[in-house]
Amino acid sequence: MTRILRLPPLLLAFAAFSLRASDLLSRRTVTSVEYLGTFSASQTVPVFRTQSADVVVRGSFLDLSTGVEVRTPSGATVSGTSATIVSKTGGANTRITVRLTTTNATPLGALQLRIRYLVETNGPDVVNLRLFDHGTISAMRIEEPAIQGRFTVGQAYTLVVSGSELNNTAYDADERHVTLLSTVSRSATEARFRIRVDSAGRTEFLTRAFFDGNLSGGMSGQNQTTAHYELAPGAVEFVVIAGLDPKVTAVSPDNDAPIDQEVTLAGTHVAPRGYLIRAQFGKRYFSNSQRTIEVRAEVVNGIVRLRVPPDITQAPANLFYAPINGAPADSLIVRPRELPPINAVSQLPQLVSSRVEQIATLKVRALFAGSQVLVGKHLASVGPLSSVKLTSVSTLNVTSIAPTVRIGNTLSVRFGNTSIPVTSAAYFPTAQMSADLFSGFAPIIQGADSIKLNVPVLPDTVTGTLTLTNAAGSTSIPDVFYAPPPVVTDVQVSTGNGQFQPVANTTLVRGERYRVFGRALRLVRIGSPLSIASWRMPGVLVTFNPGVEGFEFVLPQTATSGPVTIQTIAGSTSLGSFTVIDRAAAFTIVGVQVSPNQTVGGNTVTATIAVNAEIPVGGSAGNIVFSAATVNDTTLVVSSAPIAVTTNPVVLTIATKNVSAVRTASITVSTLGTASISTARAGLMIQPPAPTAIGLGSAGASSATVVGGRTISGFISLNTRVTGSAIPIALGNSDPTSATVPSVVNVGATVTPFTITTPIVPTRRVVTITATADGQTRSATLTVDPPTIASLVLQRTTAIAETVDSATITMTAVPVAPLAVSITCADPALVCPAVVTVSSLITKFAVGSVAIPAPRTGTIEATANGESRSASLTLSPLVLASAVVSPVSVTAGASTSLTIRLNSAVPTGEAMSVRVQSDGSSVVAPTSVPFRAGDLIQLVTLSTQALTPQSAAVLVTVSFTRQTTFGPYTSTLTVPVTVTP
């Protein structure tokens, strides 16, 4: 009997609903989350602590949720937190709104919002949250100081934000006339940002522009109203005033600007709204207290233009902005602005002052040779400001300008048809200048240009026009007087009775009358004398009196020794240093004797001078001097200085100079400073130098040997030292075909070298080299040898016997004809040719060897023209170089390889047999391995036989025996082989 169980209808309906709900809930999903932005299901949603947050969760079947809770990622409960579903929306795109509330007790960091369902097959839905603190701003400031209460538009500043919870502060500068350049630093209580204000006027830094930088999406969407930081109680928003700061960076045109030319100013904010613009320039030259000049600028289509005024300084000008009453104006930082330099040109040069001399009642504008200064206006072109160096001076000394004050110059100067170089130009802003003596009274002008001229020396005095030319044109100054510096051609001393003779030395006598001759010693303009030369020396300033011939004066008693200068207003000339003495008592010269009376030039002689005078004890009877002819004689070395007569006779040493031919010199001595001149003379014959020896080679020997084709040094020794010009010595040789010498050697020292070149000769030659001068000849013998062997070099110094090597003969020179060189091999193991014929500088020949039983060394010698060279060769016998088994360990029954290598290949025409033996029966080797001519390596197979289970070590011996003319020898090697079972 079957029993049927009947359930109540309500229970059946609930069971059906549960099955359906379980199926639906298994297909639920979270697709997105919205709060302070839109996030995907996998992203973390930012939430601020202590702020109520309505989080919208979208997805599938979320309307079936039964509740929500907040947990940590590990599942722990979170204190101070509550979450409630405040709304649900069903349909195709279901969503729920969860209100999340946190307190200060809620821990910061990662949290989870878990959405619960009646039936959960895979657990709750999870929305990842991160809890942040909401920052509070108590104050803001800009760290850099303001200018006149304004901050400059376009300049970077540091914005400092103070408050709490500012660790992650970000700043949204959008649409607030501010650009965020960088975040400098952040801490819990302070954040710093680098900003730039981009527009003039009022700028607000509002609290709502700051938010937590970790927020995804920044200050967008819902963040604008809920994510920004709050203003602390009692705090106010930060407001600044920004102003434009005009800056002129360029002037166009940027080169020299003609007067009244329009120039354009370029830069930033140079034409703000609502302002009059004025440019103020310093005046380069001014005669009253008005030191500046102002020019009003015009603004056309935002471009600032002004016209260049005249006579402006090169110091930077200032730009001023003045507000226009009642006109809308930009916020501006009011202060003077510096302009780039504007160089005003196209103004004619003006000469205000030049050197002025007043002679008697004449006023003369003069020009003199050498350095001279002109002062005026528009003489110096300043050029770019960076090249200007200004010096402040209270007055301007027109005769000396500081050489360090130099600026550009475009001025050219001419005097008549003569161009005058301008060496420097300067501008003195505080220097004062006034009109010169020609213009009468004129106001003092402050500011002056100065140029230095290098006036060339002209032949004579002349009056002409000085022309100054710059880019604007020329200015002419007429009636300028030029005078050259004085030139002295002769100084003479009176001999009595109105007669004068040249001063033969640099000694002057007090009280004597002198006469000076030369040019430009008296300057005359239009018949009026301007200046007469003066004689200046220590203790003396004498103005010349025009004489019948030249200019005469008497040397005062106050004169002392020192330099003498002739001076006029046109300059000076130096006559050198003079010695000043008193007049001497009368005495005479009895005679002069020279010993020896003939000598070789370059030697010294003794002059003995007898006088008729008494020599006071410890004093002098007077002075004597050599005549001008003696002083100027090119064969003698004598001084023009006075010689005190302290002994009788006076003994002097006179040096002579080298001569190329016999010369006769006259030695004349006269008294100095006496009323009557006493003179005596003596003759001296001077002969040219002659050779004392001729030497060859480095040792300077009278004979030497050289191989033909080489050079050798020769040396000439003279019988005197050489002074002045070199002495020519004639050279010769007895065989010009075997040696070449210069025909003449100019000898400039006691010993002088020369070079002898030789050709290659077939046989020995003997040549005599001679040197001749002043009829005297010296000789030396030079032997010239034919070429010999310079070296003998082997290809190798060690070799294996029975191989062929080469030897190289290098000659000292290429033989004239083929030369037979004999070859000797000192060891019977070596094989050499008896003779080698040499026709070039380098020749090779073969060196062979025979079999040897042991190493030995032999010598090869080559001989030619009596000269020999040798080289040694060490020979080693042909032996086994190596025997290698691979592998060295082999399994019984397998085979291995034996490689046999010789130290050299088997010689041509020979063959040999190498024996291979084993000391055990487990290794089988061929008894003989053939090596044929040219073989170096042979490969042999070693086979093995089966063994007992024990491993066996076997020695394989490789050997061969050869017969040689020096006896037999055997070469043997052994190699181990291991055979394993």
# chains A, B, ... in the order shown; residues from 1 in each chain; ligands from 1

$ residues_around --residues "Asn658 (chain A)" --least-positions-apart "2" --cutoff "12 Å" --atoms "only C-alpha atoms" --output "JSON, numbers by chain"
{"A": [599, 600, 601, 602, 603, 604, 634, 635, 636, 637, 655, 656, 660, 661, 662, 663, 685, 686, 687, 688, 689, 690, 718, 719, 720, 721, 722, 723, 724, 725, 726, 727, 728, 747, 748, 749, 750]}

$ write_last_selection --atoms "C-alpha atoms" --output "JSON list (two decimals), in the first residue's frame"
[["chain", "number", "residue", "atom", "x", "y", "z"],
["A", 599, "THR", "CA", 149.25, 91.97, -33.98],
["A", 600, "VAL", "CA", 146.59, 89.56, -35.15],
["A", 601, "GLY", "CA", 143.09, 91.07, -35.04],
["A", 602, "GLY", "CA", 141.24, 90.01, -31.90],
["A", 603, "ASN", "CA", 144.30, 90.29, -29.65],
["A", 604, "THR", "CA", 145.16, 93.20, -27.32],
["A", 634, "THR", "CA", 136.34, 99.69, -36.77],
["A", 635, "THR", "CA", 139.54, 97.74, -36.00],
["A", 636, "LEU", "CA", 139.88, 99.02, -32.40],
["A", 637, "VAL", "CA", 137.85, 98.77, -29.20],
["A", 655, "ALA", "CA", 141.60, 95.53, -27.82],
["A", 656, "THR", "CA", 141.59, 94.92, -31.56],
["A", 660, "SER", "CA", 140.07, 90.06, -43.30],
["A", 661, "ALA", "CA", 143.12, 91.89, -44.66],
["A", 662, "VAL", "CA", 146.08, 93.77, -43.18],
["A", 663, "ARG", "CA", 144.96, 97.10, -41.71],
["A", 685, "MET", "CA", 149.40, 97.09, -37.92],
["A", 686, "ILE", "CA", 146.57, 94.57, -37.54],
["A", 687, "GLN", "CA", 146.79, 91.26, -39.38],
["A", 688, "PRO", "CA", 143.98, 88.85, -40.25],
["A", 689, "PRO", "CA", 143.68, 85.59, -38.26],
["A", 690, "ALA", "CA", 145.40, 82.45, -39.56],
["A", 718, "LEU", "CA", 142.70, 80.00, -35.24],
["A", 719, "ASN", "CA", 145.58, 81.84, -33.68],
["A", 720, "THR", "CA", 143.21, 84.39, -32.08],
["A", 721, "ARG", "CA", 139.68, 84.80, -30.81],
["A", 722, "VAL", "CA", 137.11, 86.08, -33.27],
["A", 723, "THR", "CA", 135.36, 89.40, -32.62],
["A", 724, "GLY", "CA", 132.86, 91.06, -34.88],
["A", 725, "SER", "CA", 132.26, 89.42, -38.26],
["A", 726, "ALA", "CA", 133.34, 85.84, -39.01],
["A", 727, "ILE", "CA", 136.72, 85.25, -40.70],
["A", 728, "PRO", "CA", 136.73, 83.43, -44.09],
["A", 747, "VAL", "CA", 135.12, 81.10, -38.71],
["A", 748, "GLY", "CA", 133.28, 82.83, -35.86],
["A", 749, "ALA", "CA", 135.06, 81.23, -32.90],
["A", 750, "THR", "CA", 138.51, 80.03, -31.91]]

$ residues_around --residues "region 900-903 of chain A" --least-positions-apart "5" --cutoff "10 Å" --atoms "only C-alpha atoms" --output "list in words"
Ile800, Ser876, Pro877, Leu878, Val879, Leu880, Ala881, Ser882, Ala883, Val884, Val885, Val914, Val916, Val929, Phe931, Asp935, Leu936, Ile937, Gln938, Leu939, Val940, Val958 and Leu973 of chain A

$ select_by_dssp --residues "region 688-910 of chain A" --states "strand (DSSP E or B)" --output "ChimeraX atom specification"
/A:691-696,701,703-707,711-718,727-733,740,744-747,751-757,765-773,776-785,789-794,798-800,805-811,819-825,830-831,835-838,842-849,856-864,867-876,880-886,889-891,895-902

$ closest_residue --among "A:Ala250, A:Leu672, A:Val847, A:Val751" --to "Gln795 (chain A)" --atoms "only C-alpha atoms"
A:Val847

$ residues_around --residues "Val251 (chain A)" --least-positions-apart "2" --cutoff "8 Å" --atoms "only C-alpha atoms" --output "list in words"
Val248, Thr249, Pro253, Asp254, Val263, Thr264, Leu265, Ala266, Pro340 and Ile342 of chain A

$ write_last_selection --atoms "all heavy atoms" --output "PDB file, in the first residue's frame"
ATOM      1  N   VAL A 248      61.015  95.687 -20.423  1.00  0.00           N
ATOM      2  CA  VAL A 248      61.458  95.882 -21.804  1.00  0.00           C
ATOM      3  C   VAL A 248      62.708  95.045 -22.012  1.00  0.00           C
ATOM      4  O   VAL A 248      63.706  95.216 -21.324  1.00  0.00           O
ATOM      5  CB  VAL A 248      61.740  97.362 -22.098  1.00  0.00           C
ATOM      6  CG1 VAL A 248      62.201  97.535 -23.541  1.00  0.00           C
ATOM      7  CG2 VAL A 248      60.499  98.189 -21.833  1.00  0.00           C
ATOM      8  N   THR A 249      62.639  94.113 -22.932  1.00  0.00           N
ATOM      9  CA  THR A 249      63.779  93.216 -23.182  1.00  0.00           C
ATOM     10  C   THR A 249      64.543  93.549 -24.446  1.00  0.00           C
ATOM     11  O   THR A 249      65.671  93.084 -24.617  1.00  0.00           O
ATOM     12  CB  THR A 249      63.276  91.769 -23.269  1.00  0.00           C
ATOM     13  OG1 THR A 249      62.300  91.664 -24.316  1.00  0.00           O
ATOM     14  CG2 THR A 249      62.663  91.334 -21.946  1.00  0.00           C
ATOM     15  N   PRO A 253      65.150  99.470 -33.901  1.00  0.00           N
ATOM     16  CA  PRO A 253      66.342  98.683 -34.239  1.00  0.00           C
ATOM     17  C   PRO A 253      67.334  98.648 -33.069  1.00  0.00           C
ATOM     18  O   PRO A 253      67.421  99.596 -32.303  1.00  0.00           O
ATOM     19  CB  PRO A 253      66.945  99.414 -35.449  1.00  0.00           C
ATOM     20  CG  PRO A 253      66.465 100.824 -35.274  1.00  0.00           C
ATOM     21  CD  PRO A 253      65.114 100.745 -34.653  1.00  0.00           C
ATOM     22  N   ASP A 254      68.075  97.525 -32.975  1.00  0.00           N
ATOM     23  CA  ASP A 254      68.975  97.371 -31.835  1.00  0.00           C
ATOM     24  C   ASP A 254      70.387  97.878 -32.129  1.00  0.00           C
ATOM     25  O   ASP A 254      71.272  97.735 -31.305  1.00  0.00           O
ATOM     26  CB  ASP A 254      69.046  95.901 -31.405  1.00  0.00           C
ATOM     27  CG  ASP A 254      69.524  94.998 -32.530  1.00  0.00           C
ATOM     28  OD1 ASP A 254      69.773  95.507 -33.640  1.00  0.00           O
ATOM     29  OD2 ASP A 254      69.627  93.785 -32.300  1.00  0.00           O
ATOM     30  N   VAL A 263      61.844 104.216 -32.460  1.00  0.00           N
ATOM     31  CA  VAL A 263      62.263 102.881 -32.055  1.00  0.00           C
ATOM     32  C   VAL A 263      61.091 102.201 -31.365  1.00  0.00           C
ATOM     33  O   VAL A 263      60.206 102.847 -30.802  1.00  0.00           O
ATOM     34  CB  VAL A 263      63.479 102.917 -31.106  1.00  0.00           C
ATOM     35  CG1 VAL A 263      64.688 103.491 -31.801  1.00  0.00           C
ATOM     36  CG2 VAL A 263      63.172 103.702 -29.842  1.00  0.00           C
ATOM     37  N   THR A 264      61.068 100.880 -31.435  1.00  0.00           N
ATOM     38  CA  THR A 264      59.994 100.068 -30.866  1.00  0.00           C
ATOM     39  C   THR A 264      60.519  99.319 -29.659  1.00  0.00           C
ATOM     40  O   THR A 264      61.617  98.753 -29.699  1.00  0.00           O
ATOM     41  CB  THR A 264      59.459  99.077 -31.912  1.00  0.00           C
ATOM     42  OG1 THR A 264      58.978  99.807 -33.029  1.00  0.00           O
ATOM     43  CG2 THR A 264      58.332  98.237 -31.331  1.00  0.00           C
ATOM     44  N   LEU A 265      59.703  99.304 -28.577  1.00  0.00           N
ATOM     45  CA  LEU A 265      60.079  98.594 -27.357  1.00  0.00           C
ATOM     46  C   LEU A 265      59.352  97.255 -27.335  1.00  0.00           C
ATOM     47  O   LEU A 265      58.143  97.189 -27.550  1.00  0.00           O
ATOM     48  CB  LEU A 265      59.710  99.405 -26.109  1.00  0.00           C
ATOM     49  CG  LEU A 265      60.202 100.855 -26.060  1.00  0.00           C
ATOM     50  CD1 LEU A 265      59.839 101.481 -24.727  1.00  0.00           C
ATOM     51  CD2 LEU A 265      61.701 100.935 -26.305  1.00  0.00           C
ATOM     52  N   ALA A 266      60.099  96.181 -27.067  1.00  0.00           N
ATOM     53  CA  ALA A 266      59.522  94.847 -26.987  1.00  0.00           C
ATOM     54  C   ALA A 266      59.785  94.269 -25.609  1.00  0.00           C
ATOM     55  O   ALA A 266      60.783  94.593 -24.966  1.00  0.00           O
ATOM     56  CB  ALA A 266      60.108  93.938 -28.067  1.00  0.00           C
ATOM     57  N   PRO A 340      66.868  98.839 -22.224  1.00  0.00           N
ATOM     58  CA  PRO A 340      68.159  98.502 -22.825  1.00  0.00           C
ATOM     59  C   PRO A 340      68.788  99.762 -23.417  1.00  0.00           C
ATOM     60  O   PRO A 340      68.099 100.747 -23.690  1.00  0.00           O
ATOM     61  CB  PRO A 340      67.796  97.482 -23.916  1.00  0.00           C
ATOM     62  CG  PRO A 340      66.461  96.945 -23.506  1.00  0.00           C
ATOM     63  CD  PRO A 340      65.771  98.077 -22.812  1.00  0.00           C
ATOM     64  N   ILE A 342      70.150 102.642 -25.739  1.00  0.00           N
ATOM     65  CA  ILE A 342      69.849 103.185 -27.061  1.00  0.00           C
ATOM     66  C   ILE A 342      70.990 104.127 -27.410  1.00  0.00           C
ATOM     67  O   ILE A 342      71.245 105.103 -26.707  1.00  0.00           O
ATOM     68  CB  ILE A 342      68.499 103.931 -27.068  1.00  0.00           C
ATOM     69  CG1 ILE A 342      67.363 102.977 -26.678  1.00  0.00           C
ATOM     70  CG2 ILE A 342      68.258 104.556 -28.428  1.00  0.00           C
ATOM     71  CD1 ILE A 342      66.022 103.654 -26.574  1.00  0.00           C
TER      72      ILE A 342
END

$ residues_around --residues "Ala862 (chain A)" --least-positions-apart "2" --cutoff "6 Å" --atoms "only C-alpha atoms" --output "PyMOL selection string"
chain A and resi 822-823+868-869

$ write_last_selection --atoms "C-alpha atoms" --output "PDB file, in the first residue's frame"
ATOM      1  CA  SER A 822     133.905  35.128 -47.990  1.00  0.00           C
ATOM      2  CA  ILE A 823     131.735  33.004 -45.656  1.00  0.00           C
ATOM      3  CA  SER A 868     134.499  40.735 -40.542  1.00  0.00           C
ATOM      4  CA  ARG A 869     131.148  40.238 -38.862  1.00  0.00           C
TER       5      ARG A 869
END

$ decode --residues "region 898-916 of chain A" --atoms "N, CA, C and O atoms" --output "tab-separated table (two decimals), in the first residue's frame"
chain	number	residue	atom	x	y	z
A	898	LEU	N	96.60	7.18	-30.35
A	898	LEU	CA	97.91	7.68	-29.94
A	898	LEU	C	98.40	8.65	-31.01
A	898	LEU	O	98.53	8.28	-32.18
A	899	THR	N	98.65	9.93	-30.61
A	899	THR	CA	99.15	10.96	-31.54
A	899	THR	C	100.62	11.18	-31.26
A	899	THR	O	101.00	11.56	-30.15
A	900	ILE	N	101.46	10.95	-32.29
A	900	ILE	CA	102.92	11.10	-32.17
A	900	ILE	C	103.33	12.35	-32.94
A	900	ILE	O	102.97	12.50	-34.12
A	901	ARG	N	104.04	13.29	-32.29
A	901	ARG	CA	104.47	14.55	-32.92
A	901	ARG	C	105.97	14.69	-32.78
A	901	ARG	O	106.55	14.44	-31.71
A	902	LEU	N	106.64	15.08	-33.91
A	902	LEU	CA	108.08	15.39	-33.90
A	902	LEU	C	108.27	16.89	-33.64
A	902	LEU	O	107.33	17.68	-33.81
A	903	ASN	N	109.46	17.28	-33.25
A	903	ASN	CA	109.73	18.71	-33.06
A	903	ASN	C	109.99	19.43	-34.37
A	903	ASN	O	110.09	20.65	-34.41
A	904	SER	N	110.10	18.69	-35.48
A	904	SER	CA	110.27	19.27	-36.80
A	904	SER	C	109.91	18.20	-37.82
A	904	SER	O	109.97	17.00	-37.54
A	905	ALA	N	109.49	18.63	-39.00
A	905	ALA	CA	109.12	17.68	-40.04
A	905	ALA	C	110.36	16.88	-40.47
A	905	ALA	O	111.50	17.35	-40.38
A	906	VAL	N	110.11	15.64	-40.97
A	906	VAL	CA	111.20	14.78	-41.46
A	906	VAL	C	111.85	15.48	-42.65
A	906	VAL	O	111.15	15.97	-43.55
A	907	PRO	N	113.20	15.60	-42.66
A	907	PRO	CA	113.88	16.32	-43.75
A	907	PRO	C	113.56	15.72	-45.11
A	907	PRO	O	113.23	14.54	-45.25
A	908	THR	N	113.68	16.56	-46.13
A	908	THR	CA	113.45	16.15	-47.51
A	908	THR	C	114.42	15.02	-47.89
A	908	THR	O	115.62	15.09	-47.59
A	909	GLY	N	113.88	13.98	-48.57
A	909	GLY	CA	114.71	12.87	-49.03
A	909	GLY	C	114.99	11.83	-47.96
A	909	GLY	O	115.78	10.91	-48.21
A	910	GLU	N	114.38	11.93	-46.80
A	910	GLU	CA	114.62	10.96	-45.75
A	910	GLU	C	113.30	10.37	-45.29
A	910	GLU	O	112.22	10.89	-45.55
A	911	ALA	N	113.41	9.21	-44.61
A	911	ALA	CA	112.27	8.56	-43.98
A	911	ALA	C	112.77	7.89	-42.71
A	911	ALA	O	113.97	7.61	-42.56
A	912	MET	N	111.84	7.65	-41.78
A	912	MET	CA	112.24	7.05	-40.52
A	912	MET	C	111.07	6.25	-39.96
A	912	MET	O	109.92	6.42	-40.36
A	913	SER	N	111.40	5.34	-39.04
A	913	SER	CA	110.40	4.46	-38.44
A	913	SER	C	110.42	4.66	-36.94
A	913	SER	O	111.48	4.67	-36.31
A	914	VAL	N	109.20	4.84	-36.38
A	914	VAL	CA	109.04	5.05	-34.94
A	914	VAL	C	108.45	3.77	-34.34
A	914	VAL	O	107.42	3.27	-34.82
A	915	ARG	N	109.09	3.24	-33.30
A	915	ARG	CA	108.63	2.02	-32.64
A	915	ARG	C	107.62	2.37	-31.55
A	915	ARG	O	107.79	3.35	-30.82
A	916	VAL	N	106.56	1.53	-31.41
A	916	VAL	CA	105.57	1.67	-30.35
A	916	VAL	C	105.46	0.35	-29.63
A	916	VAL	O	105.20	-0.69	-30.25
